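Report on one structure; see the data block that follows.
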Amino acid sequence: MAGAGGGGSDTFGGAGATIVVVPSLTLAIEDLRNVTGVVFYEERLLCFLLLLADPAARVVYTTSTAIDPAIIDYYLRFLPDPADARRRLALVDAGDAELGWLTAKLLSDSEVLGRLRDAVGDPARARLLPFIATPVEHELAEALGVSVDGPRSELGALGSKSGARKVARRAGVGVLPGSEDLFTIDEITAATNALVSGQPAPEAVVIKLNNCFSGLGNVIIDVDGLADPLPTSKTLFCSPDESWPTYLAKMAAQGGVVETLLRDPELRSPSAQLRISPAGAVEILSTHDQILGGPQNQIYLGCRFPAHPDYRLTIQREAQKIGQVLAEQGVVGSFGIDFLVVGQKVYLSEINLRLGGTTHPFWMARLATGSRYDLFTGELCRPDGEARYYVATDNLKSSRLKGRSPADVISEVDRSGLSFDPATGTGIALHLLGALPTTGKLGATCIAATPEAADEKYRALLDLVGADLPA
């Protein structure tokens, strides 16, 4: 099944560039243990195989373990010439399924690193596209002799919870009442007491570790359960294996913040994706409404594109302000900004100086439909002018899926008539397919011509695979 494809390689490295995708979740190992099928999250960036629609582009895609060939076939079928695209695609795996950072695996094995160098070819024409640009990714780029599509490692603190609050204030964007740069229980206690004694007093406070992701570093304390000393308070840890001793050790190592926890029936949690070019130009890529679940809706589960029209352009404007401050600091690459919206009030939630949960559905939808993002409407528009909308998740789980092969599930979705059709630019595109046999977990981006139709496709997929709504 051939498709229209779409441009995009010029965004990441110039026309005809070699894009070296390194989807390493170079984050705290203890947090990665809480993510079901985490090694297969490296497959989420397979959406960038669609950059091969540019007949001059090359993609080198790295993973910890070899990708099922049926999955590669699945992505290439969305391109105008799958055979030619395959010729310009190189797959390099580290042969290591153990929990750990992909980037470190690539660096630590000389044979694997040699294969990767051979696949890259001319380093002057290559650019490394990481999930996150830590010192380890920069070390790999140096070993390969290529540039990095991401910020210098010393700028990473700008994306911490503490750094984000400072950037927002500098940009003139609202932040919630609270304090940052906290490392000790005494500092956390003082900041909590300051919030509770303020006017109006919050119902609850949230403590956040500087460098955790997906809400796993958050702790919630209801004011009516507050006690002295603070660790004896009624506490809700968003990470299932957390405790005060382990949490305070992490806080001492990385720091964190204390903020008012907003509780309002009208509360919304939209996000924006941005990109800063090497020349410092700030580009708004998208907006989304986040689908949240877990303890008091602190955990990211999925998203809807675009964000609601009531605040879509507002968060674009606020994101642009933050992006400009980051550009002035020398940040480059793609990243996300999360907001909290209540009525007309907009607050920064966090800055993620990395790719994230909204990255792969957006690029899949944009590249597969050949669309462009319209800044004036906040919509994806196809060449014929029609808009496209989607619902996406990484968290479909079903006992009916566990043990099944990717090819089997792809065929079932094809037979149902729900599969993405490049000719119409609508349908369901699957991801996280490698996680199916061992975990029964699946991701999907449900693309349609209206928001209502995207929701219908999402519900139809849940019915098809026997999954419940993610929670």
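Following the order of the structure tokens, chains are lettered A, B, ..., residues in each are numbered from 1, and ligands are numbered from 1.
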Every residue of range 258-451 of chain A that DSSP places in helix (DSSP H, G or I), as a PyMOL selection string: chain A and resi 295-297+312-328+359-369+406-416+433-439+451
File dump, residues just selected, N, CA and C atoms, as a CSV table (one decimal), in the first residue's frame:
```csv
chain,number,residue,atom,x,y,z
A,295,PRO,N,-2.6,8.5,39.6
A,295,PRO,CA,-3.0,9.2,40.9
A,295,PRO,C,-3.3,10.7,40.6
A,296,GLN,N,-4.5,11.0,40.8
A,296,GLN,CA,-5.0,12.4,40.7
A,296,GLN,C,-4.6,13.0,39.3
A,297,ASN,N,-4.6,12.2,38.3
A,297,ASN,CA,-4.4,12.7,36.9
A,297,ASN,C,-3.0,13.3,36.8
A,312,ARG,N,-6.1,27.3,22.3
A,312,ARG,CA,-5.1,26.8,21.4
A,312,ARG,C,-4.1,27.8,21.0
A,313,LEU,N,-4.6,29.0,20.6
A,313,LEU,CA,-3.7,30.1,20.1
A,313,LEU,C,-3.1,30.8,21.3
A,314,THR,N,-3.7,30.7,22.5
A,314,THR,CA,-3.1,31.3,23.6
A,314,THR,C,-1.9,30.6,24.1
A,315,ILE,N,-1.9,29.3,24.1
A,315,ILE,CA,-0.7,28.5,24.5
A,315,ILE,C,0.3,28.6,23.4
A,316,GLN,N,-0.1,28.7,22.2
A,316,GLN,CA,0.9,29.0,21.1
A,316,GLN,C,1.7,30.2,21.5
A,317,ARG,N,1.0,31.3,21.8
A,317,ARG,CA,1.7,32.5,22.1
A,317,ARG,C,2.6,32.4,23.3
A,318,GLU,N,2.1,31.8,24.4
A,318,GLU,CA,2.9,31.6,25.6
A,318,GLU,C,4.1,30.7,25.3
A,319,ALA,N,3.9,29.7,24.5
A,319,ALA,CA,5.0,28.8,24.2
A,319,ALA,C,6.1,29.6,23.4
A,320,GLN,N,5.7,30.4,22.5
A,320,GLN,CA,6.6,31.2,21.7
A,320,GLN,C,7.5,32.1,22.6
A,321,LYS,N,6.9,32.7,23.6
A,321,LYS,CA,7.7,33.5,24.6
A,321,LYS,C,8.7,32.7,25.3
A,322,ILE,N,8.3,31.5,25.7
A,322,ILE,CA,9.3,30.6,26.4
A,322,ILE,C,10.4,30.1,25.4
A,323,GLY,N,10.0,29.8,24.2
A,323,GLY,CA,10.9,29.4,23.2
A,323,GLY,C,11.9,30.4,22.9
A,324,GLN,N,11.5,31.7,22.9
A,324,GLN,CA,12.4,32.8,22.6
A,324,GLN,C,13.5,32.9,23.7
A,325,VAL,N,13.1,32.7,24.9
A,325,VAL,CA,14.1,32.8,26.0
A,325,VAL,C,15.1,31.6,25.9
A,326,LEU,N,14.5,30.4,25.6
A,326,LEU,CA,15.4,29.3,25.4
A,326,LEU,C,16.4,29.4,24.3
A,327,ALA,N,15.9,30.0,23.2
A,327,ALA,CA,16.7,30.3,22.0
A,327,ALA,C,17.9,31.2,22.4
A,328,GLU,N,17.6,32.2,23.2
A,328,GLU,CA,18.6,33.2,23.6
A,328,GLU,C,19.7,32.5,24.5
A,359,THR,N,5.4,13.6,20.5
A,359,THR,CA,6.3,13.7,19.3
A,359,THR,C,5.9,12.7,18.2
A,360,HIS,N,5.8,11.5,18.5
A,360,HIS,CA,5.6,10.5,17.4
A,360,HIS,C,4.2,10.5,16.8
A,361,PRO,N,3.1,10.8,17.6
A,361,PRO,CA,1.8,10.9,16.8
A,361,PRO,C,1.8,12.1,15.9
A,362,PHE,N,2.4,13.2,16.4
A,362,PHE,CA,2.4,14.4,15.5
A,362,PHE,C,3.1,14.2,14.2
A,363,TRP,N,4.4,13.6,14.3
A,363,TRP,CA,5.1,13.4,13.1
A,363,TRP,C,4.6,12.3,12.2
A,364,MET,N,4.0,11.3,12.9
A,364,MET,CA,3.3,10.3,12.1
A,364,MET,C,2.2,10.9,11.3
A,365,ALA,N,1.3,11.7,11.9
A,365,ALA,CA,0.2,12.3,11.3
A,365,ALA,C,0.7,13.3,10.2
A,366,ARG,N,1.7,14.1,10.5
A,366,ARG,CA,2.1,15.2,9.6
A,366,ARG,C,2.8,14.5,8.4
A,367,LEU,N,3.7,13.6,8.6
A,367,LEU,CA,4.4,13.0,7.5
A,367,LEU,C,3.5,12.1,6.6
A,368,ALA,N,2.7,11.3,7.3
A,368,ALA,CA,1.8,10.3,6.6
A,368,ALA,C,0.8,11.0,5.8
A,369,THR,N,0.3,12.1,6.2
A,369,THR,CA,-0.8,12.9,5.5
A,369,THR,C,-0.2,13.9,4.6
A,406,PRO,N,3.4,-8.9,15.9
A,406,PRO,CA,3.0,-7.6,15.2
A,406,PRO,C,2.3,-7.8,13.9
A,407,ALA,N,2.7,-8.8,13.1
A,407,ALA,CA,2.1,-9.0,11.8
A,407,ALA,C,0.7,-9.4,12.0
A,408,ASP,N,0.4,-10.2,13.0
A,408,ASP,CA,-1.0,-10.7,13.2
A,408,ASP,C,-1.9,-9.5,13.5
A,409,VAL,N,-1.5,-8.6,14.4
A,409,VAL,CA,-2.3,-7.5,14.8
A,409,VAL,C,-2.4,-6.5,13.7
A,410,ILE,N,-1.4,-6.3,12.9
A,410,ILE,CA,-1.5,-5.4,11.8
A,410,ILE,C,-2.5,-5.9,10.8
A,411,SER,N,-2.5,-7.2,10.6
A,411,SER,CA,-3.5,-7.8,9.6
A,411,SER,C,-4.9,-7.7,10.2
A,412,GLU,N,-5.1,-7.8,11.5
A,412,GLU,CA,-6.4,-7.7,12.0
A,412,GLU,C,-7.0,-6.3,11.9
A,413,VAL,N,-6.1,-5.3,12.1
A,413,VAL,CA,-6.6,-3.9,11.9
A,413,VAL,C,-6.8,-3.6,10.5
A,414,ASP,N,-6.0,-4.2,9.6
A,414,ASP,CA,-6.2,-4.0,8.2
A,414,ASP,C,-7.6,-4.6,7.8
A,415,ARG,N,-7.9,-5.8,8.2
A,415,ARG,CA,-9.2,-6.5,7.9
A,415,ARG,C,-10.4,-5.7,8.4
A,416,SER,N,-10.2,-5.0,9.5
A,416,SER,CA,-11.3,-4.3,10.1
A,416,SER,C,-11.7,-3.0,9.3
A,433,LEU,N,4.5,-1.8,18.4
A,433,LEU,CA,4.1,-3.1,18.0
A,433,LEU,C,5.0,-4.2,18.6
A,434,GLY,N,6.3,-3.9,18.8
A,434,GLY,CA,7.2,-4.9,19.3
A,434,GLY,C,6.9,-5.3,20.7
A,435,ALA,N,6.1,-4.5,21.5
A,435,ALA,CA,5.7,-4.9,22.8
A,435,ALA,C,4.6,-5.9,22.9
A,436,LEU,N,4.0,-6.2,21.8
A,436,LEU,CA,2.8,-7.0,21.8
A,436,LEU,C,3.0,-8.4,22.4
A,437,PRO,N,4.0,-9.2,21.9
A,437,PRO,CA,4.2,-10.6,22.3
A,437,PRO,C,4.4,-10.7,23.8
A,438,THR,N,5.2,-9.9,24.4
A,438,THR,CA,5.5,-10.0,25.9
A,438,THR,C,4.6,-9.3,26.8
A,439,THR,N,4.0,-8.2,26.4
A,439,THR,CA,3.3,-7.3,27.3
A,439,THR,C,1.8,-7.1,26.9
A,451,PRO,N,-12.6,16.0,14.7
A,451,PRO,CA,-12.2,15.5,16.1
A,451,PRO,C,-13.2,14.4,16.5
```
Non-local contacts of range 248-258 of chain A (9 Å; only C-alpha atoms; under 3 positions in same chain excluded) as JSON, numbers by chain: {"A": [160, 161, 162, 177, 178, 179, 180, 181, 182, 183, 184, 185, 188, 191, 192, 195, 205, 206, 207, 208, 209, 210, 211, 243, 244, 245]}
Export, as a PDB file, in the first residue's frame, the selected residues with N, CA and C atoms.
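The file below, out.pdb, is the result:
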```
ATOM      1  N   SER A 160      14.646  21.343  33.634  1.00  0.00           N
ATOM      2  CA  SER A 160      14.260  20.776  34.919  1.00  0.00           C
ATOM      3  C   SER A 160      13.034  21.517  35.456  1.00  0.00           C
ATOM      4  N   LYS A 161      12.405  20.953  36.474  1.00  0.00           N
ATOM      5  CA  LYS A 161      11.227  21.617  37.047  1.00  0.00           C
ATOM      6  C   LYS A 161      11.606  22.982  37.610  1.00  0.00           C
ATOM      7  N   SER A 162      12.766  23.063  38.274  1.00  0.00           N
ATOM      8  CA  SER A 162      13.208  24.353  38.811  1.00  0.00           C
ATOM      9  C   SER A 162      13.571  25.320  37.684  1.00  0.00           C
ATOM     10  N   PRO A 177       1.909  29.311  42.370  1.00  0.00           N
ATOM     11  CA  PRO A 177       2.598  29.624  43.620  1.00  0.00           C
ATOM     12  C   PRO A 177       3.455  28.445  44.053  1.00  0.00           C
ATOM     13  N   GLY A 178       4.678  28.730  44.477  1.00  0.00           N
ATOM     14  CA  GLY A 178       5.555  27.644  44.890  1.00  0.00           C
ATOM     15  C   GLY A 178       6.995  28.095  44.982  1.00  0.00           C
ATOM     16  N   SER A 179       7.879  27.134  45.141  1.00  0.00           N
ATOM     17  CA  SER A 179       9.317  27.407  45.289  1.00  0.00           C
ATOM     18  C   SER A 179      10.100  26.362  44.522  1.00  0.00           C
ATOM     19  N   GLU A 180      11.298  26.741  44.069  1.00  0.00           N
ATOM     20  CA  GLU A 180      12.149  25.816  43.331  1.00  0.00           C
ATOM     21  C   GLU A 180      13.517  25.701  44.003  1.00  0.00           C
ATOM     22  N   ASP A 181      14.369  24.881  43.424  1.00  0.00           N
ATOM     23  CA  ASP A 181      15.725  24.645  43.921  1.00  0.00           C
ATOM     24  C   ASP A 181      15.718  24.127  45.355  1.00  0.00           C
ATOM     25  N   LEU A 182      14.877  23.144  45.619  1.00  0.00           N
ATOM     26  CA  LEU A 182      14.762  22.536  46.946  1.00  0.00           C
ATOM     27  C   LEU A 182      15.511  21.201  46.948  1.00  0.00           C
ATOM     28  N   PHE A 183      16.277  20.944  48.009  1.00  0.00           N
ATOM     29  CA  PHE A 183      17.084  19.725  48.066  1.00  0.00           C
ATOM     30  C   PHE A 183      16.905  18.943  49.364  1.00  0.00           C
ATOM     31  N   THR A 184      16.412  19.564  50.404  1.00  0.00           N
ATOM     32  CA  THR A 184      16.335  18.906  51.705  1.00  0.00           C
ATOM     33  C   THR A 184      14.902  18.882  52.209  1.00  0.00           C
ATOM     34  N   ILE A 185      14.649  18.016  53.185  1.00  0.00           N
ATOM     35  CA  ILE A 185      13.320  17.946  53.774  1.00  0.00           C
ATOM     36  C   ILE A 185      12.976  19.252  54.483  1.00  0.00           C
ATOM     37  N   ILE A 188      11.830  21.604  51.735  1.00  0.00           N
ATOM     38  CA  ILE A 188      10.501  21.197  51.246  1.00  0.00           C
ATOM     39  C   ILE A 188       9.432  21.571  52.266  1.00  0.00           C
ATOM     40  N   ALA A 191       8.828  25.375  52.254  1.00  0.00           N
ATOM     41  CA  ALA A 191       8.086  25.796  51.064  1.00  0.00           C
ATOM     42  C   ALA A 191       6.625  25.373  51.152  1.00  0.00           C
ATOM     43  N   THR A 192       6.376  24.175  51.691  1.00  0.00           N
ATOM     44  CA  THR A 192       4.992  23.702  51.849  1.00  0.00           C
ATOM     45  C   THR A 192       4.240  24.576  52.843  1.00  0.00           C
ATOM     46  N   LEU A 195       3.225  27.893  51.375  1.00  0.00           N
ATOM     47  CA  LEU A 195       2.038  27.809  50.517  1.00  0.00           C
ATOM     48  C   LEU A 195       0.767  27.695  51.350  1.00  0.00           C
ATOM     49  N   VAL A 205      -0.772  20.296  47.893  1.00  0.00           N
ATOM     50  CA  VAL A 205       0.470  20.705  47.245  1.00  0.00           C
ATOM     51  C   VAL A 205       1.047  19.501  46.517  1.00  0.00           C
ATOM     52  N   VAL A 206       1.849  19.782  45.507  1.00  0.00           N
ATOM     53  CA  VAL A 206       2.549  18.721  44.783  1.00  0.00           C
ATOM     54  C   VAL A 206       4.040  19.013  44.837  1.00  0.00           C
ATOM     55  N   ILE A 207       4.803  18.004  45.207  1.00  0.00           N
ATOM     56  CA  ILE A 207       6.264  18.073  45.216  1.00  0.00           C
ATOM     57  C   ILE A 207       6.741  17.343  43.970  1.00  0.00           C
ATOM     58  N   LYS A 208       7.663  17.963  43.230  1.00  0.00           N
ATOM     59  CA  LYS A 208       8.124  17.368  41.976  1.00  0.00           C
ATOM     60  C   LYS A 208       9.639  17.291  41.955  1.00  0.00           C
ATOM     61  N   LEU A 209      10.166  16.125  41.607  1.00  0.00           N
ATOM     62  CA  LEU A 209      11.597  15.996  41.357  1.00  0.00           C
ATOM     63  C   LEU A 209      11.955  16.725  40.069  1.00  0.00           C
ATOM     64  N   ASN A 210      13.137  17.299  40.043  1.00  0.00           N
ATOM     65  CA  ASN A 210      13.531  18.123  38.897  1.00  0.00           C
ATOM     66  C   ASN A 210      13.537  17.381  37.578  1.00  0.00           C
ATOM     67  N   ASN A 211      13.974  16.121  37.584  1.00  0.00           N
ATOM     68  CA  ASN A 211      14.294  15.466  36.313  1.00  0.00           C
ATOM     69  C   ASN A 211      13.518  14.198  36.037  1.00  0.00           C
ATOM     70  N   SER A 243       8.928   5.714  48.229  1.00  0.00           N
ATOM     71  CA  SER A 243       8.724   5.917  49.663  1.00  0.00           C
ATOM     72  C   SER A 243       9.484   7.176  50.050  1.00  0.00           C
ATOM     73  N   TRP A 244       9.233   7.683  51.260  1.00  0.00           N
ATOM     74  CA  TRP A 244       9.940   8.905  51.654  1.00  0.00           C
ATOM     75  C   TRP A 244      11.460   8.726  51.661  1.00  0.00           C
ATOM     76  N   PRO A 245      12.008   7.644  52.197  1.00  0.00           N
ATOM     77  CA  PRO A 245      13.475   7.513  52.160  1.00  0.00           C
ATOM     78  C   PRO A 245      14.045   7.529  50.742  1.00  0.00           C
TER      79      PRO A 245
END
```
Test item, strand (DSSP E) assignment across range 314-386 of chain A, answer as a list in words: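 Matching residues, listed in order: Gly333, Ser334, Phe335, Gly336, Ile337, Asp338, Phe339, Leu340, Val341, Val342, Lys345, Val346, Tyr347, Leu348, Ser349, Glu350, Ile351, Asn352, Arg372, Tyr373, Asp374, Glu379, Leu380 and Cys381 of chain A.
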Given the selection you just returned, output its residues as a file containing N, CA and C atoms, formatted as a PDB file, in the first residue's frame.
```pdb
ATOM      1  N   GLY A 333      16.893  22.346  18.695  1.00  0.00           N
ATOM      2  CA  GLY A 333      16.208  21.062  18.633  1.00  0.00           C
ATOM      3  C   GLY A 333      14.745  21.157  19.000  1.00  0.00           C
ATOM      4  N   SER A 334      14.096  19.997  19.087  1.00  0.00           N
ATOM      5  CA  SER A 334      12.667  19.909  19.360  1.00  0.00           C
ATOM      6  C   SER A 334      12.430  19.603  20.832  1.00  0.00           C
ATOM      7  N   PHE A 335      11.346  20.149  21.371  1.00  0.00           N
ATOM      8  CA  PHE A 335      11.028  19.951  22.783  1.00  0.00           C
ATOM      9  C   PHE A 335       9.559  20.274  23.011  1.00  0.00           C
ATOM     10  N   GLY A 336       9.089  19.980  24.229  1.00  0.00           N
ATOM     11  CA  GLY A 336       7.692  20.218  24.560  1.00  0.00           C
ATOM     12  C   GLY A 336       7.538  21.091  25.790  1.00  0.00           C
ATOM     13  N   ILE A 337       6.402  21.776  25.850  1.00  0.00           N
ATOM     14  CA  ILE A 337       6.055  22.605  27.007  1.00  0.00           C
ATOM     15  C   ILE A 337       4.637  22.235  27.430  1.00  0.00           C
ATOM     16  N   ASP A 338       4.467  21.906  28.690  1.00  0.00           N
ATOM     17  CA  ASP A 338       3.146  21.584  29.230  1.00  0.00           C
ATOM     18  C   ASP A 338       2.596  22.783  29.999  1.00  0.00           C
ATOM     19  N   PHE A 339       1.285  23.000  29.848  1.00  0.00           N
ATOM     20  CA  PHE A 339       0.615  24.113  30.515  1.00  0.00           C
ATOM     21  C   PHE A 339      -0.543  23.593  31.351  1.00  0.00           C
ATOM     22  N   LEU A 340      -1.036  24.446  32.237  1.00  0.00           N
ATOM     23  CA  LEU A 340      -2.292  24.251  32.949  1.00  0.00           C
ATOM     24  C   LEU A 340      -3.178  25.444  32.638  1.00  0.00           C
ATOM     25  N   VAL A 341      -4.425  25.176  32.273  1.00  0.00           N
ATOM     26  CA  VAL A 341      -5.356  26.234  31.892  1.00  0.00           C
ATOM     27  C   VAL A 341      -6.619  26.110  32.729  1.00  0.00           C
ATOM     28  N   VAL A 342      -6.987  27.204  33.386  1.00  0.00           N
ATOM     29  CA  VAL A 342      -8.259  27.297  34.104  1.00  0.00           C
ATOM     30  C   VAL A 342      -8.917  28.600  33.688  1.00  0.00           C
ATOM     31  N   LYS A 345      -6.877  31.808  32.694  1.00  0.00           N
ATOM     32  CA  LYS A 345      -5.547  31.784  33.298  1.00  0.00           C
ATOM     33  C   LYS A 345      -4.716  30.629  32.736  1.00  0.00           C
ATOM     34  N   VAL A 346      -3.481  30.938  32.370  1.00  0.00           N
ATOM     35  CA  VAL A 346      -2.555  29.952  31.818  1.00  0.00           C
ATOM     36  C   VAL A 346      -1.299  29.923  32.680  1.00  0.00           C
ATOM     37  N   TYR A 347      -0.908  28.729  33.097  1.00  0.00           N
ATOM     38  CA  TYR A 347       0.295  28.561  33.902  1.00  0.00           C
ATOM     39  C   TYR A 347       1.221  27.555  33.222  1.00  0.00           C
ATOM     40  N   LEU A 348       2.518  27.784  33.356  1.00  0.00           N
ATOM     41  CA  LEU A 348       3.466  26.764  32.936  1.00  0.00           C
ATOM     42  C   LEU A 348       3.372  25.566  33.874  1.00  0.00           C
ATOM     43  N   SER A 349       3.389  24.355  33.317  1.00  0.00           N
ATOM     44  CA  SER A 349       3.511  23.158  34.129  1.00  0.00           C
ATOM     45  C   SER A 349       4.953  22.667  34.115  1.00  0.00           C
ATOM     46  N   GLU A 350       5.516  22.442  32.919  1.00  0.00           N
ATOM     47  CA  GLU A 350       6.911  22.027  32.826  1.00  0.00           C
ATOM     48  C   GLU A 350       7.421  22.196  31.410  1.00  0.00           C
ATOM     49  N   ILE A 351       8.731  22.230  31.280  1.00  0.00           N
ATOM     50  CA  ILE A 351       9.418  22.228  29.988  1.00  0.00           C
ATOM     51  C   ILE A 351      10.157  20.898  29.875  1.00  0.00           C
ATOM     52  N   ASN A 352       9.937  20.194  28.786  1.00  0.00           N
ATOM     53  CA  ASN A 352      10.639  18.943  28.519  1.00  0.00           C
ATOM     54  C   ASN A 352      11.608  19.172  27.366  1.00  0.00           C
ATOM     55  N   ARG A 372       0.899  20.255   6.614  1.00  0.00           N
ATOM     56  CA  ARG A 372       1.685  21.324   7.243  1.00  0.00           C
ATOM     57  C   ARG A 372       0.880  21.862   8.418  1.00  0.00           C
ATOM     58  N   TYR A 373       1.570  22.434   9.393  1.00  0.00           N
ATOM     59  CA  TYR A 373       0.905  23.005  10.559  1.00  0.00           C
ATOM     60  C   TYR A 373       0.566  24.459  10.276  1.00  0.00           C
ATOM     61  N   ASP A 374      -0.696  24.818  10.438  1.00  0.00           N
ATOM     62  CA  ASP A 374      -1.175  26.176  10.172  1.00  0.00           C
ATOM     63  C   ASP A 374      -1.170  26.962  11.476  1.00  0.00           C
ATOM     64  N   GLU A 379      -4.085  23.924  13.187  1.00  0.00           N
ATOM     65  CA  GLU A 379      -4.506  22.640  12.635  1.00  0.00           C
ATOM     66  C   GLU A 379      -3.465  22.109  11.654  1.00  0.00           C
ATOM     67  N   LEU A 380      -3.502  20.792  11.431  1.00  0.00           N
ATOM     68  CA  LEU A 380      -2.725  20.179  10.355  1.00  0.00           C
ATOM     69  C   LEU A 380      -3.548  20.253   9.078  1.00  0.00           C
ATOM     70  N   CYS A 381      -2.979  20.797   8.031  1.00  0.00           N
ATOM     71  CA  CYS A 381      -3.711  20.955   6.776  1.00  0.00           C
ATOM     72  C   CYS A 381      -3.017  20.188   5.651  1.00  0.00           C
TER      73      CYS A 381
END
```
Surrounding residues of Arg388 in chain A excluding itself and chain neighbours under 2 positions, 8 Å, only C-alpha atoms, as a list in words: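 Within the cut-off, the hits are Glu379, Leu380, Cys381, Arg382, Glu386, Tyr390, Gly425, Thr426, Ile447, Ala448, Ala449 and Thr450 of chain A.
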Selected residue, from A:Val219, A:Leu140, A:Leu261, A:Leu25, that lies nearest to Arg127 in chain A when counting only C-alpha atoms: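 So, comparing all the options, the nearest one is A:Leu140.
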Long-range neighbours of Leu262 in chain A as a list in words, 8 Å cut-off, only C-alpha atoms, 5 positions minimum in chain: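 In the requested format, the answer is Pro202, Ala204 and Leu267 of chain A.
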Restricted to C-alpha atoms, what would the selected residues look like written as an mmCIF file, in the first residue's frame?
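Contents of selection33.cif, freshly written:
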```
data_model
loop_
_atom_site.group_PDB
_atom_site.id
_atom_site.type_symbol
_atom_site.label_atom_id
_atom_site.label_comp_id
_atom_site.auth_asym_id
_atom_site.auth_seq_id
_atom_site.Cartn_x
_atom_site.Cartn_y
_atom_site.Cartn_z
ATOM 1 C CA PRO A 202 -4.420 25.482 48.502
ATOM 2 C CA ALA A 204 -3.161 20.284 48.243
ATOM 3 C CA LEU A 267 -8.736 22.424 34.627
#
```
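Closest to Leu158 in chain A among A:Gly330, A:Pro229, A:Gly357, A:Gly217 is A:Gly330, based on only C-alpha atoms.
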Close residues, Leu401 in chain A itself excluded, 7 Å, only C-alpha atoms, min 3 positions apart in chain, as a PyMOL selection string: chain A and resi 398+404+436+440+465
Among listed residues A:Ser269, A:Ser147, A:Thr246, A:Thr62, nearest Ala17 in chain A (using only C-alpha atoms):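 Among the listed residues, A:Ser147 lies closest to Ala17 in chain A.
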